[in-house]
>>> print(open('upload.json').read())   # JSON, C-alpha atoms
[["chain", "number", "residue", "atom", "x", "y", "z"],
["B", 605, "MET", "CA", 25.47, 227.34, 189.30],
["B", 606, "CYS", "CA", 25.67, 230.27, 191.68],
["B", 607, "ALA", "CA", 28.87, 232.18, 190.86],
["B", 608, "ASP", "CA", 29.95, 232.48, 194.49],
["B", 609, "LEU", "CA", 29.20, 228.84, 195.42],
["B", 610, "PRO", "CA", 32.87, 227.71, 195.24],
["B", 611, "ALA", "CA", 33.81, 230.68, 197.43],
["B", 612, "GLN", "CA", 31.16, 229.68, 199.98],
["B", 613, "ILE", "CA", 32.49, 226.11, 200.02],
["B", 614, "ARG", "CA", 36.05, 227.35, 200.46],
["B", 615, "ALA", "CA", 35.02, 229.64, 203.32],
["B", 616, "SER", "CA", 33.25, 226.74, 205.04],
["B", 617, "LEU", "CA", 36.34, 224.50, 204.75],
["B", 618, "GLN", "CA", 38.57, 227.28, 206.08],
["B", 619, "SER", "CA", 36.29, 227.79, 209.08],
["B", 620, "GLN", "CA", 36.62, 224.06, 209.88],
["B", 621, "GLY", "CA", 40.42, 224.20, 209.81],
["B", 622, "PHE", "CA", 40.97, 222.37, 206.53],
["B", 623, "PRO", "CA", 43.61, 223.29, 203.94],
["B", 624, "THR", "CA", 42.36, 226.00, 201.59],
["B", 625, "PRO", "CA", 41.67, 224.58, 198.11],
["B", 626, "SER", "CA", 41.75, 226.81, 195.06],
["B", 627, "LEU", "CA", 38.48, 227.97, 193.54],
["B", 628, "VAL", "CA", 39.43, 226.32, 190.24],
["B", 629, "TRP", "CA", 39.96, 222.95, 191.96],
["B", 630, "ILE", "CA", 36.68, 223.26, 193.87],
["B", 631, "GLN", "CA", 34.90, 223.93, 190.59],
["B", 632, "SER", "CA", 36.47, 220.82, 189.05],
["B", 633, "ALA", "CA", 35.55, 218.67, 192.06],
["B", 634, "MET", "CA", 31.88, 219.68, 192.10],
["B", 635, "PRO", "CA", 29.33, 216.92, 191.42],
["B", 636, "ASN", "CA", 28.21, 216.76, 187.80],
["B", 637, "ARG", "CA", 24.47, 216.88, 188.40],
["B", 638, "ILE", "CA", 21.59, 219.30, 188.11],
["B", 639, "PRO", "CA", 20.24, 220.52, 190.40],
["B", 640, "LEU", "CA", 23.22, 220.58, 192.73],
["B", 641, "PRO", "CA", 22.81, 219.25, 196.29],
["B", 642, "PRO", "CA", 22.37, 221.73, 199.16],
["B", 643, "LEU", "CA", 25.45, 223.61, 200.35],
["B", 644, "PRO", "CA", 26.16, 221.37, 203.40],
["B", 645, "ALA", "CA", 26.17, 218.28, 201.15],
["B", 646, "LEU", "CA", 28.45, 220.02, 198.65],
["B", 647, "VAL", "CA", 30.88, 221.00, 201.41],
["B", 648, "ALA", "CA", 30.96, 217.39, 202.65],
["B", 649, "THR", "CA", 31.64, 216.11, 199.11],
["B", 650, "ILE", "CA", 34.46, 218.58, 198.46],
["B", 651, "LYS", "CA", 35.94, 217.85, 201.88],
["B", 652, "THR", "CA", 36.01, 214.11, 201.18],
["B", 653, "ARG", "CA", 37.67, 214.65, 197.80],
["B", 654, "LEU", "CA", 40.19, 217.08, 199.29],
["B", 655, "LEU", "CA", 41.20, 214.59, 201.98],
["B", 656, "ALA", "CA", 41.65, 211.88, 199.32],
["B", 657, "ALA", "CA", 43.79, 214.09, 197.06],
["B", 658, "ASP", "CA", 47.58, 214.36, 196.84],
["B", 659, "LEU", "CA", 48.58, 217.70, 198.36],
["B", 660, "THR", "CA", 51.35, 218.05, 195.77],
["B", 661, "THR", "CA", 48.79, 218.15, 192.92],
["B", 662, "PRO", "CA", 49.33, 221.41, 190.99],
["B", 663, "GLY", "CA", 46.50, 223.88, 191.54],
["B", 664, "LEU", "CA", 44.94, 221.93, 194.43],
["B", 665, "LEU", "CA", 45.60, 224.53, 197.14],
["B", 666, "GLU", "CA", 45.17, 228.27, 197.01],
["B", 667, "SER", "CA", 48.44, 229.99, 196.08],
["B", 668, "PRO", "CA", 50.69, 230.67, 197.88],
["B", 669, "ALA", "CA", 50.07, 227.48, 199.83],
["B", 670, "PRO", "CA", 51.75, 227.13, 203.24],
["B", 671, "ALA", "CA", 54.79, 224.86, 203.15],
["B", 672, "PHE", "CA", 57.85, 223.97, 205.21],
["B", 673, "PRO", "CA", 60.52, 226.67, 205.32],
["B", 674, "PRO", "CA", 63.82, 225.88, 203.59],
["B", 675, "ASN", "CA", 66.27, 223.68, 205.52],
["B", 676, "LEU", "CA", 63.67, 222.77, 208.15],
["B", 677, "SER", "CA", 65.08, 219.22, 208.27],
["B", 678, "ASN", "CA", 68.62, 220.46, 208.90],
["B", 679, "PRO", "CA", 69.93, 218.43, 211.90],
["B", 680, "GLU", "CA", 72.43, 221.20, 212.70],
["B", 681, "VAL", "CA", 69.60, 223.50, 213.87],
["B", 682, "LYS", "CA", 69.04, 222.68, 217.54],
["B", 683, "GLU", "CA", 65.48, 224.02, 217.79],
["B", 684, "THR", "CA", 63.04, 226.20, 215.89],
["B", 685, "LYS", "CA", 59.29, 226.80, 215.73],
["B", 686, "LEU", "CA", 56.81, 226.72, 212.87],
["B", 687, "THR", "CA", 55.62, 230.25, 212.19],
["B", 688, "ARG", "CA", 52.35, 229.26, 210.49],
["B", 689, "ASP", "CA", 49.90, 226.38, 210.18],
["B", 690, "ILE", "CA", 51.09, 223.87, 207.55],
["B", 691, "PRO", "CA", 48.95, 221.10, 206.02],
["B", 692, "VAL", "CA", 50.83, 217.85, 205.40],
["B", 693, "GLN", "CA", 50.10, 214.28, 204.36],
["B", 694, "VAL", "CA", 51.39, 211.05, 205.91],
["B", 695, "LEU", "CA", 53.78, 208.98, 203.79],
["B", 696, "ASP", "CA", 55.00, 206.52, 206.42],
["B", 697, "ILE", "CA", 54.39, 205.52, 210.04],
["B", 698, "ASP", "CA", 56.50, 203.40, 212.36],
["B", 699, "ASN", "CA", 55.68, 202.16, 215.86],
["B", 700, "LEU", "CA", 58.97, 202.49, 217.73],
["B", 701, "THR", "CA", 57.72, 200.50, 220.73],
["B", 702, "LYS", "CA", 57.00, 197.22, 218.88],
["B", 703, "SER", "CA", 59.38, 194.56, 217.64],
["B", 704, "LYS", "CA", 59.61, 193.84, 213.91],
["B", 705, "TRP", "CA", 57.69, 190.56, 214.27],
["B", 706, "GLU", "CA", 54.91, 192.32, 216.21],
["B", 707, "GLN", "CA", 54.69, 194.90, 213.44],
["B", 708, "VAL", "CA", 54.53, 192.13, 210.82],
["B", 709, "GLU", "CA", 51.59, 190.53, 212.63],
["B", 710, "GLU", "CA", 49.86, 193.89, 212.97],
["B", 711, "LEU", "CA", 50.24, 194.73, 209.28],
["B", 712, "GLU", "CA", 49.10, 191.27, 208.19],
["B", 713, "ALA", "CA", 45.92, 191.81, 210.21],
["B", 714, "ILE", "CA", 45.42, 195.21, 208.56],
["B", 715, "ALA", "CA", 45.93, 193.67, 205.11],
["B", 716, "ARG", "CA", 43.18, 191.16, 205.92],
["B", 717, "GLY", "CA", 40.91, 193.97, 207.02],
["B", 718, "GLU", "CA", 41.15, 192.99, 210.68],
["B", 719, "GLN", "CA", 42.18, 194.75, 213.83],
["B", 720, "THR", "CA", 44.31, 193.35, 216.60],
["B", 721, "ARG", "CA", 41.98, 191.63, 219.04],
["B", 722, "GLY", "CA", 44.24, 189.10, 220.71],
["B", 723, "ARG", "CA", 44.29, 185.35, 220.07],
["B", 724, "GLU", "CA", 40.92, 183.66, 220.50],
["B", 725, "ILE", "CA", 39.59, 180.11, 220.17],
["B", 726, "ILE", "CA", 35.79, 180.00, 220.07],
["B", 727, "ARG", "CA", 33.89, 176.70, 219.96],
["B", 728, "LEU", "CA", 30.68, 177.14, 217.98],
["B", 729, "PRO", "CA", 27.75, 174.74, 218.53],
["B", 730, "THR", "CA", 26.66, 172.45, 215.68],
["B", 731, "GLY", "CA", 23.21, 171.13, 214.94],
["B", 732, "ASN", "CA", 24.07, 167.68, 216.36],
["B", 733, "GLU", "CA", 24.95, 168.92, 219.81],
["B", 734, "ASN", "CA", 22.49, 168.34, 222.68],
["B", 735, "GLU", "CA", 21.45, 170.88, 225.27],
["B", 736, "ASP", "CA", 24.34, 170.04, 227.58],
["B", 737, "GLU", "CA", 26.80, 170.56, 224.79],
["B", 738, "ASP", "CA", 25.09, 173.83, 223.90],
["B", 739, "GLY", "CA", 25.52, 174.90, 227.50],
["B", 740, "VAL", "CA", 29.22, 174.09, 227.36],
["B", 741, "ALA", "CA", 29.51, 175.95, 224.07],
["B", 742, "SER", "CA", 27.74, 178.97, 225.54],
["B", 743, "GLU", "CA", 30.07, 178.93, 228.52],
["B", 744, "ALA", "CA", 33.07, 178.69, 226.17],
["B", 745, "ALA", "CA", 31.75, 181.60, 224.12],
["B", 746, "SER", "CA", 31.31, 183.69, 227.27],
["B", 747, "SER", "CA", 34.82, 182.82, 228.36],
["B", 748, "ALA", "CA", 36.15, 183.75, 224.93],
["B", 749, "ALA", "CA", 34.30, 187.07, 225.07],
["B", 750, "ALA", "CA", 35.88, 187.80, 228.45],
["B", 751, "GLY", "CA", 39.29, 186.91, 227.03],
["B", 752, "ARG", "CA", 38.66, 189.19, 224.08],
["B", 753, "ASN", "CA", 37.79, 192.10, 226.36],
["B", 754, "ASN", "CA", 40.95, 191.51, 228.39],
["B", 755, "ALA", "CA", 43.02, 191.41, 225.19],
["B", 756, "ASN", "CA", 41.42, 194.60, 223.92],
["B", 757, "ASN", "CA", 42.09, 196.33, 227.24],
["B", 758, "ALA", "CA", 45.73, 195.22, 227.09],
["B", 759, "ASN", "CA", 46.03, 196.46, 223.49],
["B", 760, "ALA", "CA", 44.49, 199.80, 224.48],
["B", 761, "ALA", "CA", 46.95, 200.17, 227.36],
["B", 762, "ALA", "CA", 49.86, 199.34, 225.08],
["B", 763, "SER", "CA", 48.59, 201.84, 222.51],
["B", 764, "LYS", "CA", 48.53, 204.59, 225.13],
["B", 765, "SER", "CA", 52.25, 204.13, 225.76],
["B", 766, "ALA", "CA", 53.28, 203.78, 222.09],
["B", 767, "THR", "CA", 55.59, 206.23, 220.33],
["B", 768, "HIS", "CA", 55.32, 206.69, 216.56],
["B", 769, "ARG", "CA", 57.57, 208.22, 213.95],
["B", 770, "LEU", "CA", 55.98, 209.65, 210.80],
["B", 771, "VAL", "CA", 57.21, 210.82, 207.42],
["B", 772, "LEU", "CA", 55.27, 213.98, 206.55],
["B", 773, "GLN", "CA", 55.09, 215.74, 203.18],
["B", 774, "ASP", "CA", 53.96, 219.28, 202.41],
["B", 775, "CYS", "CA", 52.37, 220.64, 199.23],
["B", 776, "LYS", "CA", 55.79, 221.24, 197.64],
["B", 777, "GLY", "CA", 56.85, 217.63, 198.11],
["B", 778, "GLN", "CA", 59.27, 218.39, 200.96],
["B", 779, "LYS", "CA", 59.52, 215.55, 203.49],
["B", 780, "VAL", "CA", 60.20, 215.86, 207.22],
["B", 781, "HIS", "CA", 60.12, 213.31, 210.04],
["B", 782, "GLY", "CA", 57.64, 213.78, 212.86],
["B", 783, "LEU", "CA", 58.05, 212.15, 216.29],
["B", 784, "GLU", "CA", 55.38, 211.84, 218.98],
["B", 785, "LEU", "CA", 56.44, 213.91, 221.96],
["B", 786, "LYS", "CA", 53.07, 213.33, 223.62],
["B", 787, "ARG", "CA", 50.61, 210.59, 222.72],
["B", 788, "ILE", "CA", 48.10, 211.48, 219.97],
["B", 789, "ASP", "CA", 45.15, 209.08, 220.05],
["B", 790, "ARG", "CA", 44.51, 209.03, 216.30],
["B", 791, "VAL", "CA", 48.13, 208.29, 215.43],
["B", 792, "GLY", "CA", 48.81, 204.57, 215.14],
["B", 793, "VAL", "CA", 49.47, 201.77, 212.65],
["B", 794, "GLY", "CA", 46.04, 200.71, 211.43],
["B", 795, "THR", "CA", 44.32, 203.90, 212.59],
["B", 796, "LEU", "CA", 46.35, 206.50, 210.69],
["B", 797, "ASN", "CA", 46.21, 206.02, 206.92],
["B", 798, "ILE", "CA", 48.86, 206.71, 204.31],
["B", 799, "GLY", "CA", 47.90, 209.94, 202.60],
["B", 800, "GLU", "CA", 45.96, 211.08, 205.67],
["B", 801, "LYS", "CA", 45.98, 214.83, 206.17],
["B", 802, "ILE", "CA", 47.36, 216.59, 209.24],
["B", 803, "VAL", "CA", 47.68, 220.28, 210.05],
["B", 804, "LEU", "CA", 50.83, 221.18, 211.98],
["B", 805, "ARG", "CA", 49.95, 224.20, 214.06],
["B", 806, "ARG", "CA", 51.92, 227.39, 214.39],
["B", 807, "GLY", "CA", 54.34, 227.08, 217.30],
["B", 808, "ALA", "CA", 55.09, 223.38, 216.78],
["B", 809, "THR", "CA", 58.66, 222.63, 217.82],
["B", 810, "VAL", "CA", 61.25, 221.33, 215.36],
["B", 811, "ALA", "CA", 64.34, 219.85, 217.02],
["B", 812, "ARG", "CA", 67.36, 218.74, 214.98],
["B", 813, "GLY", "CA", 65.20, 218.61, 211.85],
["B", 814, "VAL", "CA", 62.42, 216.51, 213.44],
["B", 815, "ILE", "CA", 58.95, 217.91, 214.17],
["B", 816, "LEU", "CA", 57.86, 217.06, 217.72],
["B", 817, "LEU", "CA", 54.21, 216.03, 217.58],
["B", 818, "GLU", "CA", 51.75, 216.64, 220.40],
["B", 819, "PRO", "CA", 47.96, 217.12, 220.52],
["B", 820, "ALA", "CA", 48.14, 220.91, 220.92],
["B", 821, "THR", "CA", 50.07, 221.41, 217.68],
["B", 822, "CYS", "CA", 49.01, 218.41, 215.55],
["B", 823, "ALA", "CA", 45.44, 218.25, 214.18],
["B", 824, "VAL", "CA", 44.59, 214.97, 212.40],
["B", 825, "LEU", "CA", 41.99, 215.72, 209.72],
["B", 826, "GLY", "CA", 41.46, 212.26, 208.20],
["B", 827, "GLY", "CA", 41.48, 211.01, 204.62],
["B", 828, "LYS", "CA", 43.52, 208.47, 202.70],
["B", 829, "VAL", "CA", 45.12, 208.02, 199.29],
["B", 830, "GLU", "CA", 43.92, 204.50, 198.52],
["B", 831, "ALA", "CA", 46.72, 203.47, 196.15],
["B", 832, "TRP", "CA", 49.38, 204.70, 198.58],
["B", 833, "GLN", "CA", 47.84, 202.80, 201.49],
["B", 834, "LYS", "CA", 47.91, 199.42, 199.69],
["B", 835, "ALA", "CA", 51.43, 199.96, 198.34],
["B", 836, "TRP", "CA", 52.64, 200.96, 201.80],
["B", 837, "VAL", "CA", 51.19, 197.89, 203.54],
["B", 838, "ASP", "CA", 52.63, 195.52, 200.91],
["B", 839, "GLY", "CA", 56.04, 197.18, 200.80],
["B", 840, "ARG", "CA", 56.42, 197.59, 204.54],
["B", 841, "LEU", "CA", 55.43, 193.98, 205.18],
["B", 842, "ALA", "CA", 58.17, 192.80, 202.82],
["B", 843, "ARG", "CA", 60.79, 195.05, 204.45],
["B", 844, "LEU", "CA", 59.78, 194.05, 207.98],
["B", 845, "ARG", "CA", 59.80, 190.33, 207.16],
["B", 846, "GLU", "CA", 63.26, 190.67, 205.66],
["B", 847, "ALA", "CA", 64.55, 192.63, 208.65],
["B", 848, "ALA", "CA", 62.93, 190.24, 211.15],
["B", 849, "GLY", "CA", 64.45, 187.27, 209.33],
["B", 850, "ALA", "CA", 67.88, 188.91, 209.37],
["B", 851, "ASP", "CA", 67.56, 189.52, 213.10],
["B", 852, "ALA", "CA", 66.60, 185.89, 213.68],
["B", 853, "ARG", "CA", 69.56, 184.65, 211.65],
["B", 854, "GLY", "CA", 71.90, 187.03, 213.44]]
>>> encode(input="upload.json", output="structure tokens")
Amino acid sequence: MCADLPAQIRASLQSQGFPTPSLVWIQSAMPNRIPLPPLPALVATIKTRLLAADLTTPGLLESPAPAFPPNLSNPEVKETKLTRDIPVQVLDIDNLTKSKWEQVEELEAIARGEQTRGREIIRLPTGNENEDEDGVASEAASSAAAGRNNANNANAAASKSATHRLVLQDCKGQKVHGLELKRIDRVGVGTLNIGEKIVLRRGATVARGVILLEPATCAVLGGKVEAWQKAWVDGRLARLREAAGADARG
């Protein structure tokens, strides 16, 4: 292996705005094959593995890795600004504009591998139906498709007006809440994964211990920690069902 290959990979990731992994970690994450793939393929492989890693893993990021300053979450501090770019990972997400039951339905769809598409009833033709019946079935399918498009448009409009609250963790394990100040398209239940990586840009505002998220200072990089995602969906469903049931009883 070329001695400076890990350094080339690191430089490529830095140029793309990703957290800077250590050379030792890059070496350990390299594919175990000879000959190695071309550099662009290696960069893509290391990027995927970086986005799937836990940022708190010792030795993952180049030292000293950027992290939240002490007491950033102090609610007594009226307002401050981040003085450097800080990579974080998502531990929790909450849609503040949906009721608990709506969130339950949304998470159940995610657990089934579905997305919210509205309620549809589609009549499929069977082999015993004649041409007239097929025509009725086709008309019903067309009507259902139109209904689906209307539902999707309504969901998209609702998504544009949503406000989300996140729990964000830096490489030292420090946790801070983030709140959408302006809508960020890639932030949403079902679109933002648990363990997904975000870079909070220098100049981001922190008010009363909460980071105010907006597109100019919040870059969503992607990724997911698979085990965290499943545990989050299962655990949050249970908590929401319990809370929704308590509300109904109250």
>>> closest_residue(input="upload.json", among="B:Val793, B:Leu676, B:Cys775, B:Ala715", to="Ile815 (chain B)", atoms="only C-alpha atoms")
B:Leu676
>>> atom_distance(input="upload.json", atom1="CA of Glu683 (chain B)", atom2="CA of Thr809 (chain B)")
7.0 Å
>>> atom_distance(input="upload.json", atom1="CA of Ser616 (chain B)", atom2="CA of Val791 (chain B)")
25.9 Å
>>> residues_around(input="upload.json", residues="Glu784 (chain B)", least_positions_apart="6", cutoff="7 Å", atoms="all atoms listed in the file", output="JSON, numbers by chain")
{"B": [767, 768, 769, 816, 817, 818]}
>>> closest_residue(input="upload.json", among="B:Arg790, B:Leu711, B:Ala633, B:Asp658", to="Asp774 (chain B)", atoms="all atoms listed in the file")
B:Asp658
>>> atom_distance(input="upload.json", atom1="CA of Lys704 (chain B)", atom2="CA of Ala656 (chain B)")
29.3 Å
>>> build_atoms(input="upload.json", residues="region 781-814 of chain B", atoms="N, CA and C atoms", output="CSV table (one decimal), keeping the file's coordinate frame")
chain,number,residue,atom,x,y,z
B,781,HIS,N,60.5,214.3,209.0
B,781,HIS,CA,60.1,213.3,210.0
B,781,HIS,C,59.4,214.0,211.2
B,782,GLY,N,58.4,213.3,211.7
B,782,GLY,CA,57.6,213.8,212.9
B,782,GLY,C,57.7,212.7,213.9
B,783,LEU,N,57.9,213.1,215.2
B,783,LEU,CA,58.0,212.2,216.3
B,783,LEU,C,57.1,212.5,217.4
B,784,GLU,N,56.3,211.6,217.9
B,784,GLU,CA,55.4,211.8,219.0
B,784,GLU,C,56.1,212.2,220.2
B,785,LEU,N,55.9,213.5,220.7
B,785,LEU,CA,56.4,213.9,222.0
B,785,LEU,C,55.4,213.6,223.1
B,786,LYS,N,54.2,213.7,222.7
B,786,LYS,CA,53.1,213.3,223.6
B,786,LYS,C,52.1,212.5,222.8
B,787,ARG,N,51.5,211.5,223.4
B,787,ARG,CA,50.6,210.6,222.7
B,787,ARG,C,49.4,211.3,222.0
B,788,ILE,N,49.2,211.0,220.8
B,788,ILE,CA,48.1,211.5,220.0
B,788,ILE,C,47.2,210.3,219.6
B,789,ASP,N,46.0,210.3,220.1
B,789,ASP,CA,45.2,209.1,220.0
B,789,ASP,C,45.0,208.6,218.6
B,790,ARG,N,44.8,209.5,217.7
B,790,ARG,CA,44.5,209.0,216.3
B,790,ARG,C,45.7,208.6,215.5
B,791,VAL,N,46.9,208.7,216.1
B,791,VAL,CA,48.1,208.3,215.4
B,791,VAL,C,48.5,206.9,215.8
B,792,GLY,N,48.5,206.0,214.9
B,792,GLY,CA,48.8,204.6,215.1
B,792,GLY,C,48.7,203.8,213.9
B,793,VAL,N,49.5,202.7,213.8
B,793,VAL,CA,49.5,201.8,212.6
B,793,VAL,C,48.1,201.1,212.6
B,794,GLY,N,47.4,201.3,211.5
B,794,GLY,CA,46.0,200.7,211.4
B,794,GLY,C,45.0,201.7,211.7
B,795,THR,N,45.3,202.8,212.4
B,795,THR,CA,44.3,203.9,212.6
B,795,THR,C,44.7,205.1,211.8
B,796,LEU,N,45.9,205.4,211.5
B,796,LEU,CA,46.4,206.5,210.7
B,796,LEU,C,46.7,206.0,209.3
B,797,ASN,N,46.0,206.5,208.3
B,797,ASN,CA,46.2,206.0,206.9
B,797,ASN,C,47.4,206.7,206.2
B,798,ILE,N,47.9,206.1,205.2
B,798,ILE,CA,48.9,206.7,204.3
B,798,ILE,C,48.1,207.7,203.4
B,799,GLY,N,48.6,208.9,203.3
B,799,GLY,CA,47.9,209.9,202.6
B,799,GLY,C,47.0,210.7,203.5
B,800,GLU,N,46.8,210.3,204.8
B,800,GLU,CA,46.0,211.1,205.7
B,800,GLU,C,46.5,212.5,205.9
B,801,LYS,N,45.6,213.4,206.1
B,801,LYS,CA,46.0,214.8,206.2
B,801,LYS,C,46.1,215.3,207.6
B,802,ILE,N,47.1,216.0,207.9
B,802,ILE,CA,47.4,216.6,209.2
B,802,ILE,C,47.7,218.1,209.1
B,803,VAL,N,47.2,218.9,210.0
B,803,VAL,CA,47.7,220.3,210.0
B,803,VAL,C,48.6,220.4,211.2
B,804,LEU,N,49.8,220.9,210.9
B,804,LEU,CA,50.8,221.2,212.0
B,804,LEU,C,50.6,222.6,212.4
B,805,ARG,N,50.3,222.9,213.6
B,805,ARG,CA,50.0,224.2,214.1
B,805,ARG,C,51.2,225.1,214.3
B,806,ARG,N,50.9,226.4,214.1
B,806,ARG,CA,51.9,227.4,214.4
B,806,ARG,C,52.4,227.2,215.8
B,807,GLY,N,53.7,227.3,216.0
B,807,GLY,CA,54.3,227.1,217.3
B,807,GLY,C,54.8,225.7,217.6
B,808,ALA,N,54.6,224.7,216.6
B,808,ALA,CA,55.1,223.4,216.8
B,808,ALA,C,56.6,223.4,216.8
B,809,THR,N,57.2,222.6,217.7
B,809,THR,CA,58.7,222.6,217.8
B,809,THR,C,59.3,221.7,216.8
B,810,VAL,N,60.4,222.2,216.2
B,810,VAL,CA,61.2,221.3,215.4
B,810,VAL,C,62.6,221.3,216.0
B,811,ALA,N,63.1,220.0,216.3
B,811,ALA,CA,64.3,219.8,217.0
B,811,ALA,C,65.2,219.0,216.2
B,812,ARG,N,66.4,219.5,215.8
B,812,ARG,CA,67.4,218.7,215.0
B,812,ARG,C,66.7,218.2,213.7
B,813,GLY,N,65.8,219.0,213.1
B,813,GLY,CA,65.2,218.6,211.8
B,813,GLY,C,64.0,217.7,212.0
B,814,VAL,N,63.6,217.4,213.2
B,814,VAL,CA,62.4,216.5,213.4
B,814,VAL,C,61.3,217.3,214.1
